[in-house]
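Each remark here refers to the structure printed beneath this line.
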Amino acid sequence: MTRHVLVIDDERDIRDVIGLSLEEFGGWQVTSVASGQAGIAQAQAHPWDAILLDVSMPDMDGVAVFEILQTNPKTRTIPVILLTARVLESDRRRFAALGVAGVIPKPFDPVVVWQQVAEILAWPR
């Protein structure tokens with residue numbers, strides 16, 4: 001079964017590296033978008049197995065995007081993994097309280113990021 005993952009990040013390089021890792025090493029299909037608004041639209045338009053969501057974006061931060069996704073019955077069950085440079089324990093507690101599936105700290109290792117996603121979501125590798 002092929003997994004479908006949506007990546008929402010305003011940095012093209014991050015989107016490209018994550019997409020390459022998940023596709024080449026994980027064997028998953030990846031769609032990437034550059035903004036929270038585009039991410040919300042994509043999340044509502046297609047069935048996703050997971051969303052990787054950047055916390056710090058200029059137009060709408062990842063927490064706001066996550067909260068909007070949680071209000072929609074069509075998107076609230078999609079597991080969301082946050083991508084963030086904010087890895088203080090207080091940030092981790094705040095993110096966990098939101099109900100996200102997990103957090104991957106930036107910078108990440110592009111060779112193993114797909115394994116981190118698989119581990120967080122308990123997907124076979």
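Identifiers for the structure tokens are assigned positionally: chains receive A, B, ... in sequence, residues are indexed from 1 per chain, and ligands are indexed from 1 in the order shown.
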Kindly assemble as a tab-separated table a list of the segment 33-62 of chain A residues that lie within 6 Å of segment 83-105 of chain A, each paired with its nearest atom pair and their distance in Å to one decimal, using only C-alpha atoms, sorted first by chain and then by ascending residue number.
residue	atom	partner	partner_atom	distance
A:Leu53	CA	A:Leu83	CA	5.7
A:Asp54	CA	A:Leu83	CA	4.6
A:Val55	CA	A:Thr84	CA	5.5
Within 9 Å of segment 2-14 of chain A using only C-alpha atoms, minus same-chain residues under 6 positions, as an mmCIF file with N, CA and C atoms, in the first residue's frame:
data_model
loop_
_atom_site.group_PDB
_atom_site.id
_atom_site.type_symbol
_atom_site.label_atom_id
_atom_site.label_comp_id
_atom_site.auth_asym_id
_atom_site.auth_seq_id
_atom_site.Cartn_x
_atom_site.Cartn_y
_atom_site.Cartn_z
ATOM 1 N N LEU A 22 11.206 10.919 1.566
ATOM 2 C CA LEU A 22 10.001 10.097 1.737
ATOM 3 C C LEU A 22 9.711 9.258 0.503
ATOM 4 N N GLY A 26 11.293 5.935 1.621
ATOM 5 C CA GLY A 26 10.056 5.409 2.191
ATOM 6 C C GLY A 26 9.147 4.766 1.151
ATOM 7 N N GLY A 27 9.317 5.172 -0.117
ATOM 8 C CA GLY A 27 8.453 4.645 -1.172
ATOM 9 C C GLY A 27 7.053 5.244 -1.162
ATOM 10 N N TRP A 28 6.920 6.420 -0.547
ATOM 11 C CA TRP A 28 5.607 7.058 -0.427
ATOM 12 C C TRP A 28 5.434 8.125 -1.494
ATOM 13 N N GLN A 29 4.194 8.496 -1.759
ATOM 14 C CA GLN A 29 3.908 9.600 -2.669
ATOM 15 C C GLN A 29 3.807 10.877 -1.840
ATOM 16 N N VAL A 30 4.438 11.941 -2.348
ATOM 17 C CA VAL A 30 4.496 13.194 -1.603
ATOM 18 C C VAL A 30 3.988 14.335 -2.472
ATOM 19 N N THR A 31 3.160 15.172 -1.882
ATOM 20 C CA THR A 31 2.753 16.428 -2.484
ATOM 21 C C THR A 31 3.197 17.522 -1.523
ATOM 22 N N SER A 32 3.788 18.576 -2.072
ATOM 23 C CA SER A 32 4.286 19.667 -1.234
ATOM 24 C C SER A 32 3.636 20.982 -1.619
ATOM 25 N N VAL A 33 3.349 21.788 -0.601
ATOM 26 C CA VAL A 33 2.813 23.129 -0.827
ATOM 27 C C VAL A 33 3.576 24.113 0.049
ATOM 28 N N ALA A 34 3.534 25.399 -0.338
ATOM 29 C CA ALA A 34 4.389 26.411 0.275
ATOM 30 C C ALA A 34 3.707 27.296 1.312
ATOM 31 N N SER A 35 2.419 27.084 1.583
ATOM 32 C CA SER A 35 1.749 27.963 2.546
ATOM 33 C C SER A 35 0.675 27.209 3.321
ATOM 34 N N GLY A 36 0.315 27.785 4.453
ATOM 35 C CA GLY A 36 -0.739 27.197 5.266
ATOM 36 C C GLY A 36 -2.065 27.123 4.536
ATOM 37 N N ALA A 38 -2.627 26.975 1.270
ATOM 38 C CA ALA A 38 -2.565 25.930 0.248
ATOM 39 C C ALA A 38 -2.623 24.547 0.894
ATOM 40 N N GLY A 39 -1.999 24.420 2.062
ATOM 41 C CA GLY A 39 -2.018 23.153 2.773
ATOM 42 C C GLY A 39 -3.413 22.762 3.229
ATOM 43 N N GLN A 42 -5.343 21.620 0.163
ATOM 44 C CA GLN A 42 -4.927 20.271 -0.251
ATOM 45 C C GLN A 42 -5.436 19.217 0.725
ATOM 46 N N ALA A 43 -5.348 19.510 2.010
ATOM 47 C CA ALA A 43 -5.784 18.547 3.021
ATOM 48 C C ALA A 43 -7.263 18.212 2.862
ATOM 49 N N PRO A 47 -7.500 12.509 0.135
ATOM 50 C CA PRO A 47 -7.248 11.704 1.340
ATOM 51 C C PRO A 47 -5.742 11.579 1.581
ATOM 52 N N TRP A 48 -5.291 11.869 2.790
ATOM 53 C CA TRP A 48 -3.865 11.824 3.139
ATOM 54 C C TRP A 48 -3.646 10.832 4.260
ATOM 55 N N ASP A 49 -2.504 10.166 4.206
ATOM 56 C CA ASP A 49 -2.126 9.271 5.293
ATOM 57 C C ASP A 49 -1.412 10.031 6.398
ATOM 58 N N ALA A 50 -0.817 11.178 6.047
ATOM 59 C CA ALA A 50 -0.130 12.004 7.049
ATOM 60 C C ALA A 50 0.173 13.372 6.458
ATOM 61 N N ILE A 51 0.391 14.328 7.362
ATOM 62 C CA ILE A 51 0.802 15.681 6.975
ATOM 63 C C ILE A 51 2.042 16.040 7.785
ATOM 64 N N LEU A 52 3.070 16.534 7.089
ATOM 65 C CA LEU A 52 4.241 17.116 7.752
ATOM 66 C C LEU A 52 4.091 18.615 7.632
ATOM 67 N N LEU A 53 4.099 19.309 8.759
ATOM 68 C CA LEU A 53 3.703 20.702 8.820
ATOM 69 C C LEU A 53 4.749 21.552 9.530
ATOM 70 N N ASP A 54 5.277 22.538 8.822
ATOM 71 C CA ASP A 54 6.242 23.476 9.404
ATOM 72 C C ASP A 54 5.529 24.374 10.413
ATOM 73 N N VAL A 55 6.161 24.593 11.554
ATOM 74 C CA VAL A 55 5.561 25.457 12.572
ATOM 75 C C VAL A 55 5.693 26.929 12.198
ATOM 76 N N SER A 56 6.877 27.340 11.726
ATOM 77 C CA SER A 56 7.142 28.762 11.460
ATOM 78 C C SER A 56 6.998 29.091 9.983
ATOM 79 N N MET A 57 5.860 29.667 9.639
ATOM 80 C CA MET A 57 5.607 30.107 8.267
ATOM 81 C C MET A 57 5.085 31.536 8.328
ATOM 82 N N PRO A 58 5.346 32.342 7.292
ATOM 83 C CA PRO A 58 5.004 33.765 7.359
ATOM 84 C C PRO A 58 3.510 34.097 7.331
ATOM 85 N N GLY A 62 2.116 26.995 11.595
ATOM 86 C CA GLY A 62 1.666 25.614 11.591
ATOM 87 C C GLY A 62 0.637 25.301 12.660
ATOM 88 N N LEU A 83 7.195 20.066 11.989
ATOM 89 C CA LEU A 83 8.609 20.281 11.702
ATOM 90 C C LEU A 83 8.977 21.613 12.336
#
What gap, in Å, lies between atom CA of Arg15 of chain A and atom CA of Phe66 of chain A?
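Interatomic distance, atom CA of Arg15 of chain A to atom CA of Phe66 of chain A: 17.9 Å.
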Give me the residues near Leu69 of chain A as a PyMOL selection string, where near means some atom within 9 Å (using only C-alpha atoms) and where sequence neighbours in that chain fewer than 4 positions away do not count.
chain A and resi 40+43-44+64-65+73-78
Keeping N, CA and C atoms for every residue in the selection just given, could you write it to a file as a PDB file, in the first residue's frame?
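This is the output file selection07.pdb:
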ATOM      1  N   ILE A  40      -4.142  23.724   3.743  1.00  0.00           N
ATOM      2  CA  ILE A  40      -5.523  23.464   4.174  1.00  0.00           C
ATOM      3  C   ILE A  40      -6.363  23.025   2.981  1.00  0.00           C
ATOM      4  N   ALA A  43      -5.348  19.510   2.010  1.00  0.00           N
ATOM      5  CA  ALA A  43      -5.784  18.547   3.021  1.00  0.00           C
ATOM      6  C   ALA A  43      -7.263  18.212   2.862  1.00  0.00           C
ATOM      7  N   GLN A  44      -8.043  19.209   2.472  1.00  0.00           N
ATOM      8  CA  GLN A  44      -9.478  19.002   2.304  1.00  0.00           C
ATOM      9  C   GLN A  44      -9.827  18.350   0.970  1.00  0.00           C
ATOM     10  N   ALA A  64      -1.694  27.325  13.771  1.00  0.00           N
ATOM     11  CA  ALA A  64      -2.985  27.819  13.262  1.00  0.00           C
ATOM     12  C   ALA A  64      -3.539  26.873  12.196  1.00  0.00           C
ATOM     13  N   VAL A  65      -2.673  26.389  11.319  1.00  0.00           N
ATOM     14  CA  VAL A  65      -3.104  25.432  10.281  1.00  0.00           C
ATOM     15  C   VAL A  65      -3.639  24.174  10.950  1.00  0.00           C
ATOM     16  N   PRO A  73     -14.242  17.768  10.019  1.00  0.00           N
ATOM     17  CA  PRO A  73     -14.337  16.313  10.164  1.00  0.00           C
ATOM     18  C   PRO A  73     -13.548  15.553   9.087  1.00  0.00           C
ATOM     19  N   LYS A  74     -13.380  16.160   7.930  1.00  0.00           N
ATOM     20  CA  LYS A  74     -12.666  15.506   6.828  1.00  0.00           C
ATOM     21  C   LYS A  74     -11.151  15.464   7.062  1.00  0.00           C
ATOM     22  N   THR A  75     -10.620  16.390   7.854  1.00  0.00           N
ATOM     23  CA  THR A  75      -9.168  16.475   8.032  1.00  0.00           C
ATOM     24  C   THR A  75      -8.697  16.207   9.466  1.00  0.00           C
ATOM     25  N   ARG A  76      -9.606  16.159  10.413  1.00  0.00           N
ATOM     26  CA  ARG A  76      -9.174  16.052  11.815  1.00  0.00           C
ATOM     27  C   ARG A  76      -8.523  14.717  12.156  1.00  0.00           C
ATOM     28  N   THR A  77      -8.783  13.672  11.367  1.00  0.00           N
ATOM     29  CA  THR A  77      -8.205  12.359  11.677  1.00  0.00           C
ATOM     30  C   THR A  77      -6.858  12.117  10.984  1.00  0.00           C
ATOM     31  N   ILE A  78      -6.406  13.061  10.164  1.00  0.00           N
ATOM     32  CA  ILE A  78      -5.118  12.906   9.487  1.00  0.00           C
ATOM     33  C   ILE A  78      -4.015  13.164  10.514  1.00  0.00           C
TER      34      ILE A  78
END
